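Trainee: Structure file protein36.txt (compact mmCIF, C-alpha atoms and all ligand atoms) is given on the next line.
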```
# COMPACT_ATOMS: atom_id res chain seq x y z
CA MET I 1 119.49 83.82 126.06
CA CYS I 2 119.22 84.52 129.81
CA ASN I 3 122.68 86.00 130.38
CA PHE I 4 122.41 88.53 127.59
CA SER I 5 121.75 92.22 128.19
CA HIS I 6 118.58 93.83 126.89
CA LYS I 7 120.54 95.50 124.11
CA GLN I 8 122.12 92.19 123.12
CA LYS I 9 118.71 90.52 122.96
CA TYR I 10 117.39 93.46 120.97
CA ASP I 11 120.22 93.11 118.45
CA MET I 12 119.77 89.36 118.35
CA ILE I 13 116.15 89.64 117.29
CA PHE I 14 117.10 91.94 114.43
CA SER I 15 119.78 89.56 113.26
CA LEU I 16 117.27 86.67 113.32
CA LEU I 17 114.96 88.72 111.12
CA GLU I 18 117.79 89.42 108.68
CA ASN I 19 118.74 85.72 108.67
CA HIS I 20 115.15 84.86 107.83
CA ASN I 21 115.08 87.20 104.84
CA ASP I 22 118.39 85.76 103.71
CA LEU I 23 116.99 82.22 103.98
CA PHE I 24 114.05 83.09 101.75
CA ALA I 25 116.28 84.87 99.22
CA ASN I 26 118.10 81.55 98.84
CA SER I 27 115.17 79.12 98.95
CA ILE I 28 112.49 77.74 96.70
CA PRO I 29 109.36 78.84 98.57
CA LEU I 30 106.51 76.47 97.67
CA ILE I 31 104.06 76.92 100.56
CA ALA I 32 100.70 77.17 98.80
CA SER I 33 99.24 79.61 101.34
CA GLU I 34 102.14 82.05 101.13
CA ASN I 35 103.32 84.73 98.74
CA VAL I 36 105.61 87.72 98.62
CA THR I 37 104.33 91.30 98.64
CA SER I 38 105.40 94.15 96.40
CA PRO I 39 107.69 96.91 97.68
CA ALA I 40 104.61 99.20 97.54
CA VAL I 41 102.69 96.98 99.95
CA ARG I 42 105.71 96.80 102.23
CA GLU I 43 105.95 100.61 102.26
CA VAL I 44 102.29 100.96 103.24
CA MET I 45 102.82 98.51 106.08
CA LEU I 46 105.48 100.83 107.55
CA SER I 47 103.22 103.90 107.47
CA ASP I 48 101.61 105.59 110.49
CA PHE I 49 98.30 103.90 109.65
CA ALA I 50 99.88 101.01 111.58
CA ASN I 51 99.46 102.96 114.82
CA ARG I 52 95.83 104.09 114.48
CA TYR I 53 92.32 103.07 115.36
CA ALA I 54 89.32 103.70 113.15
CA GLU I 55 86.46 101.65 114.58
CA GLY I 56 83.23 101.64 112.64
CA TRP I 57 82.43 102.53 109.03
CA PRO I 58 84.05 105.44 107.14
CA GLY I 59 82.13 108.59 108.03
CA GLU I 60 80.63 106.91 111.13
CA ARG I 61 83.82 106.33 113.13
CA VAL I 62 83.99 106.25 116.89
CA TYR I 63 87.53 107.70 116.77
CA ALA I 64 88.86 111.09 115.66
CA GLY I 65 91.79 111.62 113.28
CA CYS I 66 90.37 109.36 110.58
CA LYS I 67 90.08 111.89 107.74
CA TYR I 68 92.64 110.25 105.44
CA ILE I 69 91.94 106.75 106.70
CA ASP I 70 88.30 107.18 105.63
CA GLU I 71 89.30 108.25 102.13
CA VAL I 72 91.59 105.24 101.73
CA GLU I 73 89.01 102.83 103.12
CA LEU I 74 86.22 104.08 100.85
CA GLU I 75 88.54 103.66 97.86
CA CYS I 76 89.62 100.25 99.14
CA MET I 77 86.00 99.05 99.19
CA GLU I 78 85.37 100.38 95.67
CA LEU I 79 88.49 98.59 94.38
CA ALA I 80 87.48 95.30 96.04
CA LYS I 81 84.02 95.50 94.45
CA LYS I 82 85.49 96.25 91.04
CA LEU I 83 88.06 93.47 91.25
CA TYR I 84 85.50 90.79 92.14
CA GLY I 85 82.40 92.19 90.45
CA ALA I 86 80.66 92.35 93.85
CA GLU I 87 77.96 94.75 95.03
CA PHE I 88 79.22 94.92 98.60
CA ALA I 89 82.67 94.68 100.21
CA ASP I 90 83.78 94.83 103.82
CA VAL I 91 87.57 95.18 103.92
CA ARG I 92 87.95 95.06 107.70
CA ALA I 93 88.23 91.35 108.55
CA ILE I 94 91.78 90.91 109.82
CA SER I 95 92.20 87.37 108.48
CA GLY I 96 90.50 84.63 106.51
CA VAL I 97 89.36 82.93 109.71
CA VAL I 98 87.83 86.19 110.97
CA ALA I 99 86.08 86.61 107.59
CA ASN I 100 84.55 83.13 108.03
CA LEU I 101 83.51 84.00 111.58
CA VAL I 102 81.74 87.07 110.21
CA ILE I 103 79.71 84.76 107.94
CA TYR I 104 78.95 82.28 110.75
CA SER I 105 77.74 85.11 112.99
CA ALA I 106 75.80 86.97 110.31
CA PHE I 107 73.94 83.98 108.86
CA THR I 108 73.76 81.22 111.49
CA SER I 109 73.16 80.69 115.20
CA PRO I 110 74.95 78.28 117.53
CA GLY I 111 73.41 74.83 117.13
CA ASP I 112 72.85 75.27 113.39
CA ILE I 113 74.46 72.93 110.87
CA MET I 114 77.04 73.85 108.21
CA MET I 115 77.84 71.65 105.24
CA CYS I 116 81.49 71.81 104.13
CA MET I 117 84.51 69.82 103.00
CA PRO I 118 85.91 67.56 105.73
CA ILE I 119 89.42 68.45 106.88
CA SER I 120 90.64 64.96 105.94
CA VAL I 121 90.10 65.73 102.24
CA GLY I 122 91.20 69.36 102.25
CA GLY I 123 88.71 71.40 104.27
CA HIS I 124 90.15 74.15 106.45
CA ILE I 125 90.31 74.01 110.24
CA SER I 126 88.12 77.14 110.42
CA HIS I 127 85.32 74.97 108.93
CA GLY I 128 85.93 72.25 111.51
CA LYS I 129 83.99 70.51 114.26
CA LYS I 130 84.37 71.31 117.93
CA GLU I 131 85.95 67.92 118.62
CA TYR I 132 88.86 68.90 116.34
CA HIS I 133 88.98 72.43 117.83
CA GLY I 134 87.71 73.72 114.50
CA THR I 135 86.60 77.36 114.54
CA ALA I 136 83.04 76.71 113.31
CA GLY I 137 82.30 74.26 116.12
CA LEU I 138 84.47 75.68 118.87
CA VAL I 139 83.74 79.38 118.50
CA HIS I 140 80.26 79.47 116.99
CA GLY I 141 78.79 76.12 118.07
CA LEU I 142 78.01 74.94 114.54
CA GLY I 143 77.37 71.27 113.84
CA ILE I 144 79.03 69.92 110.69
CA GLU I 145 77.77 67.80 107.81
CA SER I 146 80.30 66.86 105.13
CA PHE I 147 80.11 67.25 101.40
CA PRO I 148 80.62 63.75 99.96
CA PHE I 149 84.03 63.75 98.23
CA ASP I 150 85.04 62.05 95.00
CA LYS I 151 88.68 60.95 95.31
CA ASP I 152 89.18 60.22 91.61
CA ASN I 153 88.06 63.68 90.61
CA MET I 154 89.54 65.28 93.76
CA ASN I 155 86.36 67.32 94.12
CA ILE I 156 82.97 67.47 95.82
CA ASP I 157 80.72 64.65 94.54
CA ILE I 158 77.76 66.42 92.93
CA ASP I 159 75.22 63.56 92.76
CA LYS I 160 75.99 62.25 96.23
CA THR I 161 75.71 65.78 97.67
CA ILE I 162 72.31 66.36 96.07
CA ASN I 163 71.06 62.97 97.32
CA LYS I 164 72.45 63.59 100.77
CA ILE I 165 70.63 66.91 101.09
CA LYS I 166 67.35 65.36 99.94
CA LYS I 167 67.65 62.57 102.50
CA LEU I 168 68.67 64.66 105.53
CA GLU I 169 66.18 64.73 108.37
CA ASN I 170 64.61 68.11 108.95
CA ASN I 171 66.71 68.95 111.99
CA LYS I 172 69.91 68.16 110.05
CA ILE I 173 69.25 70.52 107.12
CA PRO I 174 72.20 72.95 107.03
CA LYS I 175 71.74 76.68 107.46
CA LEU I 176 75.00 77.32 105.63
CA ALA I 177 76.95 75.61 102.85
CA MET I 178 80.66 76.38 102.69
CA PHE I 179 82.55 75.82 99.47
CA GLY I 180 86.32 76.15 99.23
CA GLY I 181 89.17 74.53 101.08
CA SER I 182 92.89 74.36 101.67
CA LEU I 183 93.62 71.49 99.33
CA PHE I 184 92.07 73.02 96.26
CA LEU I 185 93.04 71.67 92.84
CA PHE I 186 89.86 72.19 90.80
CA PRO I 187 86.96 74.68 90.84
CA HIS I 188 84.15 73.53 93.13
CA PRO I 189 80.71 72.69 91.65
CA VAL I 190 78.95 75.79 92.97
CA LYS I 191 76.73 76.18 89.91
CA GLU I 192 75.76 72.50 89.96
CA ILE I 193 74.77 72.40 93.63
CA SER I 194 73.45 75.92 94.31
CA ASP I 195 69.91 75.26 93.02
CA ILE I 196 69.19 72.53 95.51
CA LEU I 197 70.85 74.52 98.31
CA LYS I 198 68.58 77.47 97.52
CA GLU I 199 65.53 75.20 97.44
CA TYR I 200 66.31 74.37 101.07
CA ASN I 201 67.06 78.01 101.98
CA ILE I 202 70.71 77.27 102.68
CA HIS I 203 73.01 80.29 102.65
CA ILE I 204 75.98 79.72 100.32
CA ASN I 205 79.44 81.02 101.20
CA TYR I 206 82.52 80.43 99.09
CA ASP I 207 85.81 80.48 100.98
CA ALA I 208 88.31 81.76 98.41
CA ALA I 209 91.23 82.01 100.86
CA HIS I 210 93.51 79.99 98.59
CA VAL I 211 92.24 80.95 95.17
CA ALA I 212 91.38 84.66 95.61
CA GLY I 213 94.21 85.75 93.28
CA LEU I 214 93.11 83.29 90.59
CA ILE I 215 89.50 84.48 90.81
CA ALA I 216 90.69 88.11 90.67
CA GLY I 217 92.68 87.21 87.54
CA LYS I 218 89.59 85.54 86.03
CA GLN I 219 91.33 82.16 85.67
CA PHE I 220 89.38 80.03 88.14
CA GLN I 221 85.63 80.33 88.77
CA ASP I 222 83.34 83.26 89.57
CA PRO I 223 81.53 82.12 92.72
CA LEU I 224 79.24 85.17 93.15
CA LYS I 225 77.92 84.62 89.61
CA GLU I 226 77.61 80.86 90.06
CA GLY I 227 75.24 81.05 93.01
CA ALA I 228 77.29 81.96 96.08
CA ASP I 229 75.59 84.54 98.32
CA THR I 230 78.80 85.65 100.00
CA MET I 231 82.51 85.12 99.52
CA THR I 232 85.29 85.19 102.12
CA MET I 233 89.04 85.13 101.59
CA SER I 234 92.50 85.74 102.89
CA THR I 235 94.29 88.55 101.10
CA HIS I 236 97.77 87.01 101.15
CA LYS I 237 97.72 83.60 99.49
CA THR I 238 97.31 83.64 95.70
CA LEU I 239 96.13 87.21 96.14
CA PHE I 240 99.52 88.79 96.82
CA GLY I 241 98.58 91.29 99.51
CA PRO I 242 99.19 91.88 103.22
CA GLN I 243 97.97 89.25 105.68
CA GLY I 244 94.28 89.96 106.11
CA GLY I 245 90.71 89.04 105.19
CA LEU I 246 87.91 90.24 102.94
CA VAL I 247 84.15 89.64 102.80
CA LEU I 248 82.16 90.20 99.59
CA SER I 249 78.46 89.79 98.88
CA HIS I 250 75.37 90.92 97.07
CA ASN I 251 73.91 94.15 98.46
CA LYS I 252 71.13 92.54 100.47
CA TYR I 253 73.61 90.87 102.86
CA GLY I 254 75.68 94.03 103.43
CA GLU I 255 74.08 95.28 106.65
CA ASN I 256 74.40 91.88 108.37
CA ILE I 257 78.04 91.62 107.36
CA LYS I 258 78.82 95.16 108.51
CA LYS I 259 77.45 94.55 112.01
CA ALA I 260 79.02 91.13 112.35
CA THR I 261 82.40 92.61 111.39
CA PHE I 262 82.15 95.58 113.76
CA PRO I 263 81.44 95.40 116.61
CA GLY I 264 81.13 91.63 116.30
CA MET I 265 84.51 90.35 115.15
CA THR I 266 86.87 93.32 115.18
CA SER I 267 87.71 96.37 117.20
CA ASN I 268 90.89 97.60 115.53
CA HIS I 269 90.92 96.44 111.94
CA HIS I 270 94.66 96.95 111.32
CA ILE I 271 94.46 100.08 109.22
CA HIS I 272 97.87 99.64 107.55
CA HIS I 273 96.78 96.23 106.31
CA MET I 274 93.56 97.79 105.02
CA ALA I 275 95.53 100.40 103.01
CA ALA I 276 97.87 97.69 101.77
CA LYS I 277 94.80 95.74 100.57
CA ALA I 278 93.85 98.80 98.47
CA ILE I 279 97.30 98.77 96.82
CA THR I 280 97.00 95.00 96.28
CA PHE I 281 93.61 95.38 94.59
CA ILE I 282 95.10 97.97 92.22
CA GLU I 283 98.03 95.65 91.42
CA ALA I 284 95.57 92.79 90.82
CA LEU I 285 93.38 94.95 88.56
CA GLU I 286 96.43 95.95 86.52
CA PHE I 287 98.53 92.76 86.47
CA GLY I 288 96.22 90.07 87.88
CA GLN I 289 95.22 88.34 84.68
CA SER I 290 98.70 87.63 83.37
CA TYR I 291 99.82 86.69 86.89
CA ALA I 292 96.99 84.17 87.34
CA LYS I 293 97.54 82.70 83.86
CA ASP I 294 101.25 82.27 84.58
CA ILE I 295 100.46 80.60 87.92
CA ILE I 296 98.18 78.04 86.35
CA ASN I 297 100.61 77.27 83.52
CA ASN I 298 103.46 76.91 86.01
CA ALA I 299 101.43 74.60 88.26
CA LYS I 300 100.54 72.43 85.29
CA THR I 301 104.14 72.22 84.08
CA LEU I 302 105.44 71.39 87.56
CA ALA I 303 102.74 68.72 88.08
CA GLU I 304 103.31 67.11 84.68
CA THR I 305 107.09 67.07 85.12
CA LEU I 306 106.84 65.57 88.61
CA ASN I 307 104.54 62.90 87.18
CA GLU I 308 106.97 62.14 84.36
CA LEU I 309 109.79 61.84 86.88
CA GLY I 310 107.90 59.11 88.72
CA PHE I 311 105.89 60.91 91.40
CA ASN I 312 102.30 59.99 92.16
CA VAL I 313 100.68 63.39 91.58
CA LEU I 314 97.01 63.48 92.60
CA GLY I 315 94.22 64.64 90.29
CA GLU I 316 95.64 62.94 87.17
CA LYS I 317 92.15 62.27 85.80
CA ASN I 318 91.59 66.02 85.43
CA GLY I 319 95.10 67.03 84.40
CA PHE I 320 96.57 67.26 87.96
CA THR I 321 95.58 70.87 88.71
CA LYS I 322 93.68 73.93 87.56
CA SER I 323 94.90 76.06 90.47
CA HIS I 324 98.22 77.10 92.03
CA GLN I 325 98.48 73.80 93.93
CA ILE I 326 99.99 70.41 93.33
CA VAL I 327 99.53 67.49 95.71
CA ILE I 328 101.88 64.51 95.67
CA ASP I 329 101.31 61.17 97.38
CA VAL I 330 104.81 60.37 98.69
CA THR I 331 103.99 57.12 100.50
CA LYS I 332 106.07 55.11 98.03
CA TYR I 333 109.23 56.86 99.23
CA SER I 334 108.60 58.24 102.68
CA ASP I 335 105.81 60.18 104.36
CA GLY I 336 104.74 63.81 104.10
CA GLY I 337 106.36 64.81 107.40
CA LYS I 338 109.75 63.31 106.52
CA ALA I 339 109.63 64.65 102.96
CA GLU I 340 108.97 68.14 104.31
CA VAL I 341 112.02 67.93 106.59
CA GLU I 342 114.35 66.53 103.90
CA LEU I 343 113.28 69.17 101.39
CA GLU I 344 113.74 71.93 103.94
CA ARG I 345 117.34 70.80 104.44
CA SER I 346 117.91 71.70 100.79
CA ASN I 347 116.03 75.03 101.12
CA ILE I 348 112.93 73.75 99.32
CA ILE I 349 110.07 74.89 101.52
CA VAL I 350 106.87 72.82 101.22
CA ASN I 351 104.29 71.52 103.65
CA ARG I 352 103.01 68.07 104.54
CA GLN I 353 99.43 67.41 103.55
CA LEU I 354 96.68 65.01 104.61
CA ILE I 355 95.40 63.29 101.49
CA PRO I 356 92.25 61.23 100.91
CA GLY I 357 92.72 57.77 102.44
CA ASP I 358 95.22 58.87 105.12
CA ILE I 359 92.89 58.56 108.10
CA LYS I 360 91.74 55.08 107.04
CA ALA I 361 95.38 54.04 106.63
CA GLY I 362 96.11 55.19 110.19
CA ARG I 363 98.15 58.21 109.12
CA ASN I 364 97.62 61.59 110.77
CA TYR I 365 98.57 65.23 110.37
CA PHE I 366 102.14 64.62 111.58
CA ASN I 367 102.93 61.83 109.14
CA PRO I 368 100.38 62.23 106.36
CA GLY I 369 100.75 60.64 102.94
CA GLY I 370 101.24 63.81 100.96
CA ILE I 371 103.02 67.07 100.39
CA ARG I 372 101.38 70.14 98.92
CA LEU I 373 103.23 72.54 96.63
CA GLY I 374 102.11 76.00 95.55
CA VAL I 375 103.62 78.06 92.75
CA SER I 376 102.26 81.54 93.59
CA GLU I 377 105.41 82.93 95.16
CA ILE I 378 107.87 81.55 92.60
CA THR I 379 105.59 82.81 89.84
CA ARG I 380 105.60 86.27 91.39
CA LEU I 381 109.40 86.12 91.37
CA GLY I 382 109.27 85.62 87.60
CA MET I 383 109.85 81.88 87.24
CA LYS I 384 108.43 80.14 84.17
CA LYS I 385 108.39 76.76 82.42
CA SER I 386 112.09 75.90 82.46
CA GLU I 387 112.37 76.79 86.15
CA MET I 388 109.39 74.50 86.93
CA LYS I 389 111.21 71.63 85.24
CA GLN I 390 114.38 72.36 87.19
CA ILE I 391 112.46 72.49 90.48
CA ALA I 392 110.86 69.11 89.74
CA GLU I 393 114.38 67.69 89.23
CA PHE I 394 115.54 69.14 92.56
CA ILE I 395 112.57 67.55 94.34
CA LYS I 396 113.24 64.22 92.65
CA SER I 397 116.86 64.19 93.72
CA VAL I 398 115.88 64.66 97.37
CA ILE I 399 112.81 62.41 97.59
CA ILE I 400 113.32 59.69 94.97
CA ASN I 401 117.10 59.58 94.59
CA LYS I 402 117.59 60.22 98.32
CA LYS I 403 120.53 62.51 97.59
CA GLU I 404 121.96 64.20 100.68
CA PRO I 405 119.83 67.40 100.69
CA THR I 406 122.63 69.76 101.76
CA LYS I 407 124.62 68.68 98.66
CA ILE I 408 122.24 70.55 96.36
CA LEU I 409 122.03 73.68 98.53
CA ASN I 410 124.60 75.55 96.43
CA LYS I 411 122.84 74.67 93.19
CA ILE I 412 119.59 75.99 94.60
CA LYS I 413 121.19 79.24 95.76
CA LEU I 414 122.66 79.70 92.29
CA PHE I 415 119.31 78.90 90.68
CA ARG I 416 117.70 81.63 92.82
CA ASN I 417 120.15 84.35 91.79
CA ASN I 418 118.12 85.57 88.82
CA PHE I 419 114.84 85.74 90.71
CA GLN I 420 115.20 88.38 93.37
CA THR I 421 112.60 90.96 92.41
CA VAL I 422 108.82 90.96 92.63
CA ARG I 423 106.97 91.06 89.28
CA TYR I 424 103.39 92.02 88.45
CA CYS I 425 103.67 95.36 90.28
CA PHE I 426 104.37 99.02 89.45
CA ASP I 427 107.61 99.63 91.39
CA ASN I 428 110.43 97.32 92.37
CA LYS I 429 113.30 99.35 93.67
CA THR I 430 113.57 97.10 96.74
CA LYS I 431 114.37 93.42 96.21
CA ALA I 432 111.86 90.78 97.20
CA TYR I 433 113.60 89.70 100.40
CA GLU I 434 115.80 92.76 100.96
CA TYR I 435 115.87 93.61 104.64
CA VAL I 436 114.70 97.23 104.93
CA LYS I 437 116.37 99.23 107.68
CA VAL I 438 114.40 102.12 109.16
CA LYS I 439 115.92 102.55 112.61
C1 LIG D 501 94.14 79.77 104.94
C2 LIG D 501 92.70 79.51 104.98
C3 LIG D 501 91.87 80.24 105.85
C4 LIG D 501 92.42 81.08 106.95
O1 LIG D 501 92.94 82.24 106.59
P1 LIG D 501 93.83 83.14 107.58
O2 LIG D 501 93.94 84.37 106.77
O3 LIG D 501 95.08 82.38 107.81
O4 LIG D 501 93.05 83.33 108.83
C5 LIG D 501 90.51 80.08 105.73
N1 LIG D 501 89.98 79.22 104.85
C6 LIG D 501 90.74 78.48 104.03
C7 LIG D 501 90.09 77.55 103.07
C8 LIG D 501 92.14 78.58 104.08
O5 LIG D 501 92.90 77.83 103.30
```
Show me the file's structure as structure tokens.
Mentor:
Amino acid sequence: MCNFSHKQKYDMIFSLLENHNDLFANSIPLIASENVTSPAVREVMLSDFANRYAEGWPGERVYAGCKYIDEVELECMELAKKLYGAEFADVRAISGVVANLVIYSAFTSPGDIMMCMPISVGGHISHGKKEYHGTAGLVHGLGIESFPFDKDNMNIDIDKTINKIKKLENNKIPKLAMFGGSLFLFPHPVKEISDILKEYNIHINYDAAHVAGLIAGKQFQDPLKEGADTMTMSTHKTLFGPQGGLVLSHNKYGENIKKATFPGMTSNHHIHHMAAKAITFIEALEFGQSYAKDIINNAKTLAETLNELGFNVLGEKNGFTKSHQIVIDVTKYSDGGKAEVELERSNIIVNRQLIPGDIKAGRNYFNPGGIRLGVSEITRLGMKKSEMKQIAEFIKSVIINKKEPTKILNKIKLFRNNFQTVRYCFDNKTKAYEYVKVK
């Protein structure tokens, strides 16, 4: 790009953005951590809130000019509490990782131990050890103990976890237990394990980054009622909002969370994202239940069809999935890295996934044994049962039949034609991937 003028580079960036939107309008987007926002959320993101600061709590700001921001933020907190049945909400965390950092800072000290899912079976890097550059270890100096994992059930092993806690030496007793993860097929046993955790005075956080939209739609589990003290999440995965974070809790933890969030973890809390969260919470209150039901039905149909077509879909013992995710072991045909690349060549966007057993088999994050699919975005575009079956066929033709991926590109573009607007929202004048020109 070095011989181009500034204006040419400027134009080039805009054309790359338009190309990107066009790519997604013609793809099957199956990244489990992604979604598409409503036109209303996109409008909020373009507002002048994007240019402002409002440090502190509404009514106690250290900036002027916050009159309307305060009103929106107070409403945003009320909506979050209503949506999740929580006593306290802090809507300022700017991402799911920052929300977790708020919990680490509010309820542990460096050197303490956290018990969580290992990354090799679906834990998130923000729960990770320092030696893997995981946030918990690297940023807050936490030591990690793993929840024992049951591969057949694809879930935390309840009995082994209870025994493990009973047998830990005193200096290894965790201060914090972290439920939730990034490979997340079935509700975690919060109710079953919370009694023993409480006996040992272990703070319980539930990381709902992936499943926040399913919890909001009352189709997953209700962590705060099952024993979790606090709950963190991203606001943009199954919950279909702007990129951001959210921390919820019972009242007694509110002050700690407030201080850890500001001044601890944020200065500017991205006010436009905060307002967009408020709109998202309203959309979830109004449309969230049917949306979450449709997601879970779609995931089940896609998983069952892939299984019928010959794929090794994990979690069979429990019906493959009770969330938005499906995980396939592709080692019979290829590896997760290669499958991701081949599918992308046909505009099917998925991501490679470490699955239980990979590390022992010498596989790593670059060539893991699995791929992970999520149906949140295609559900929000209005796809249902027959589309799930068609998508399974597309995936089969690329991975099992080894068809040249670019040969089905046209079919996929055609298939996408009828699904260009966002559902489960009040207004949809602008198409899902329409490039909006303001300048
Ligand atoms: C995605 C994810 C996060 C991180 O969220 P960001 O909003 O990307 O910072 C945290 N925890 C889990 C379990 C996740 O899957």
Trainee: Go through the chains and note each residue within 8 Å of ligand LIG 501 (chain D), using only C-alpha atoms and all ligand atoms, then give the set as an mmCIF file with C-alpha atoms, in the coordinates of the input.
Mentor:
```cif
data_model
loop_
_atom_site.group_PDB
_atom_site.id
_atom_site.type_symbol
_atom_site.label_atom_id
_atom_site.label_comp_id
_atom_site.auth_asym_id
_atom_site.auth_seq_id
_atom_site.Cartn_x
_atom_site.Cartn_y
_atom_site.Cartn_z
ATOM 1 C CA SER I 33 99.240 79.610 101.340
ATOM 2 C CA ILE I 94 91.780 90.910 109.820
ATOM 3 C CA SER I 95 92.200 87.370 108.480
ATOM 4 C CA GLY I 96 90.500 84.630 106.510
ATOM 5 C CA VAL I 97 89.360 82.930 109.710
ATOM 6 C CA VAL I 98 87.830 86.190 110.970
ATOM 7 C CA ALA I 99 86.080 86.610 107.590
ATOM 8 C CA ASN I 100 84.550 83.130 108.030
ATOM 9 C CA GLY I 123 88.710 71.400 104.270
ATOM 10 C CA HIS I 124 90.150 74.150 106.450
ATOM 11 C CA ILE I 125 90.310 74.010 110.240
ATOM 12 C CA SER I 126 88.120 77.140 110.420
ATOM 13 C CA HIS I 127 85.320 74.970 108.930
ATOM 14 C CA GLY I 180 86.320 76.150 99.230
ATOM 15 C CA GLY I 181 89.170 74.530 101.080
ATOM 16 C CA SER I 182 92.890 74.360 101.670
ATOM 17 C CA LEU I 183 93.620 71.490 99.330
ATOM 18 C CA ASP I 207 85.810 80.480 100.980
ATOM 19 C CA ALA I 208 88.310 81.760 98.410
ATOM 20 C CA ALA I 209 91.230 82.010 100.860
ATOM 21 C CA HIS I 210 93.510 79.990 98.590
ATOM 22 C CA MET I 233 89.040 85.130 101.590
ATOM 23 C CA SER I 234 92.500 85.740 102.890
ATOM 24 C CA THR I 235 94.290 88.550 101.100
ATOM 25 C CA HIS I 236 97.770 87.010 101.150
ATOM 26 C CA LYS I 237 97.720 83.600 99.490
ATOM 27 C CA GLN I 243 97.970 89.250 105.680
ATOM 28 C CA GLY I 244 94.280 89.960 106.110
ATOM 29 C CA GLY I 245 90.710 89.040 105.190
#
```
Trainee: For a quick check of understanding, using all atoms listed in the file, which of I:Ile412, I:Ala212, I:Met178, I:Met115 has the smallest distance to Phe281 (chain I)?
Mentor: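 Distance minimum relative to Phe281 (chain I) lands on I:Ala212.
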Trainee: As a PDB file with C-alpha atoms, in the frame of the given file, please: the residues near Phe24 (chain I) (cut-off 12 Å, all atoms listed in the file, same-chain neighbours under 3 positions excluded).
Mentor:
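File result-v8.pdb, as written:
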```pdb
ATOM      1  CA  LEU I  17     114.960  88.720 111.120  1.00  0.00           C
ATOM      2  CA  GLU I  18     117.790  89.420 108.680  1.00  0.00           C
ATOM      3  CA  ASN I  19     118.740  85.720 108.670  1.00  0.00           C
ATOM      4  CA  HIS I  20     115.150  84.860 107.830  1.00  0.00           C
ATOM      5  CA  ASN I  21     115.080  87.200 104.840  1.00  0.00           C
ATOM      6  CA  SER I  27     115.170  79.120  98.950  1.00  0.00           C
ATOM      7  CA  ILE I  28     112.490  77.740  96.700  1.00  0.00           C
ATOM      8  CA  PRO I  29     109.360  78.840  98.570  1.00  0.00           C
ATOM      9  CA  LEU I  30     106.510  76.470  97.670  1.00  0.00           C
ATOM     10  CA  ILE I  31     104.060  76.920 100.560  1.00  0.00           C
ATOM     11  CA  GLU I  34     102.140  82.050 101.130  1.00  0.00           C
ATOM     12  CA  ASN I  35     103.320  84.730  98.740  1.00  0.00           C
ATOM     13  CA  VAL I  36     105.610  87.720  98.620  1.00  0.00           C
ATOM     14  CA  GLU I 344     113.740  71.930 103.940  1.00  0.00           C
ATOM     15  CA  ASN I 347     116.030  75.030 101.120  1.00  0.00           C
ATOM     16  CA  ILE I 348     112.930  73.750  99.320  1.00  0.00           C
ATOM     17  CA  ILE I 349     110.070  74.890 101.520  1.00  0.00           C
ATOM     18  CA  GLU I 377     105.410  82.930  95.160  1.00  0.00           C
ATOM     19  CA  ILE I 378     107.870  81.550  92.600  1.00  0.00           C
ATOM     20  CA  LEU I 381     109.400  86.120  91.370  1.00  0.00           C
ATOM     21  CA  ILE I 412     119.590  75.990  94.600  1.00  0.00           C
ATOM     22  CA  LYS I 413     121.190  79.240  95.760  1.00  0.00           C
ATOM     23  CA  ARG I 416     117.700  81.630  92.820  1.00  0.00           C
ATOM     24  CA  ASN I 417     120.150  84.350  91.790  1.00  0.00           C
ATOM     25  CA  PHE I 419     114.840  85.740  90.710  1.00  0.00           C
ATOM     26  CA  GLN I 420     115.200  88.380  93.370  1.00  0.00           C
ATOM     27  CA  LYS I 431     114.370  93.420  96.210  1.00  0.00           C
ATOM     28  CA  ALA I 432     111.860  90.780  97.200  1.00  0.00           C
ATOM     29  CA  TYR I 433     113.600  89.700 100.400  1.00  0.00           C
ATOM     30  CA  GLU I 434     115.800  92.760 100.960  1.00  0.00           C
ATOM     31  CA  TYR I 435     115.870  93.610 104.640  1.00  0.00           C
TER      32      TYR I 435
END
```
Trainee: Using all atoms listed in the file and a cutoff of 10 Å, can you tell me which residues are near (105.1, 65.8, 109.0) in the file's coordinates, and write them out as number ranges by chain?
Mentor: I: 335-341, 351-354, 364-371
Trainee: Using only C-alpha atoms, pick whichever of I:Met117, I:Tyr104, I:Ser267, I:Asp152 has the shortest atom-to-atom distance to Ala136 (chain I).
Mentor: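 Under the stated criterion, the closest residue is I:Tyr104.
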Trainee: Could you check how far CA of Glu192 (chain I) sits from CA of Ser109 (chain I), in Å to one decimal?
Mentor: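 Computing the Euclidean distance for CA of Glu192 (chain I) and CA of Ser109 (chain I) yields 26.7 Å.
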Trainee: For each of I:Met45, I:Cys116, I:Ile69, I:Leu74, take the minimum atom-to-atom distance to Phe88 (chain I), counting only C-alpha atoms, then give the residue where this is smallest.
Mentor: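 Selected residue with least distance to Phe88 (chain I): I:Leu74.
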Trainee: So how far away is CA of Asn428 (chain I) from CA of Val350 (chain I), in Å?
Mentor: 26.3 Å
Trainee: Between I:Val91, I:Leu409, I:Ile196, I:Ile295, which has the minimum distance to Ser376 (chain I) (counting all atoms listed in the file)?
Mentor: I:Ile295
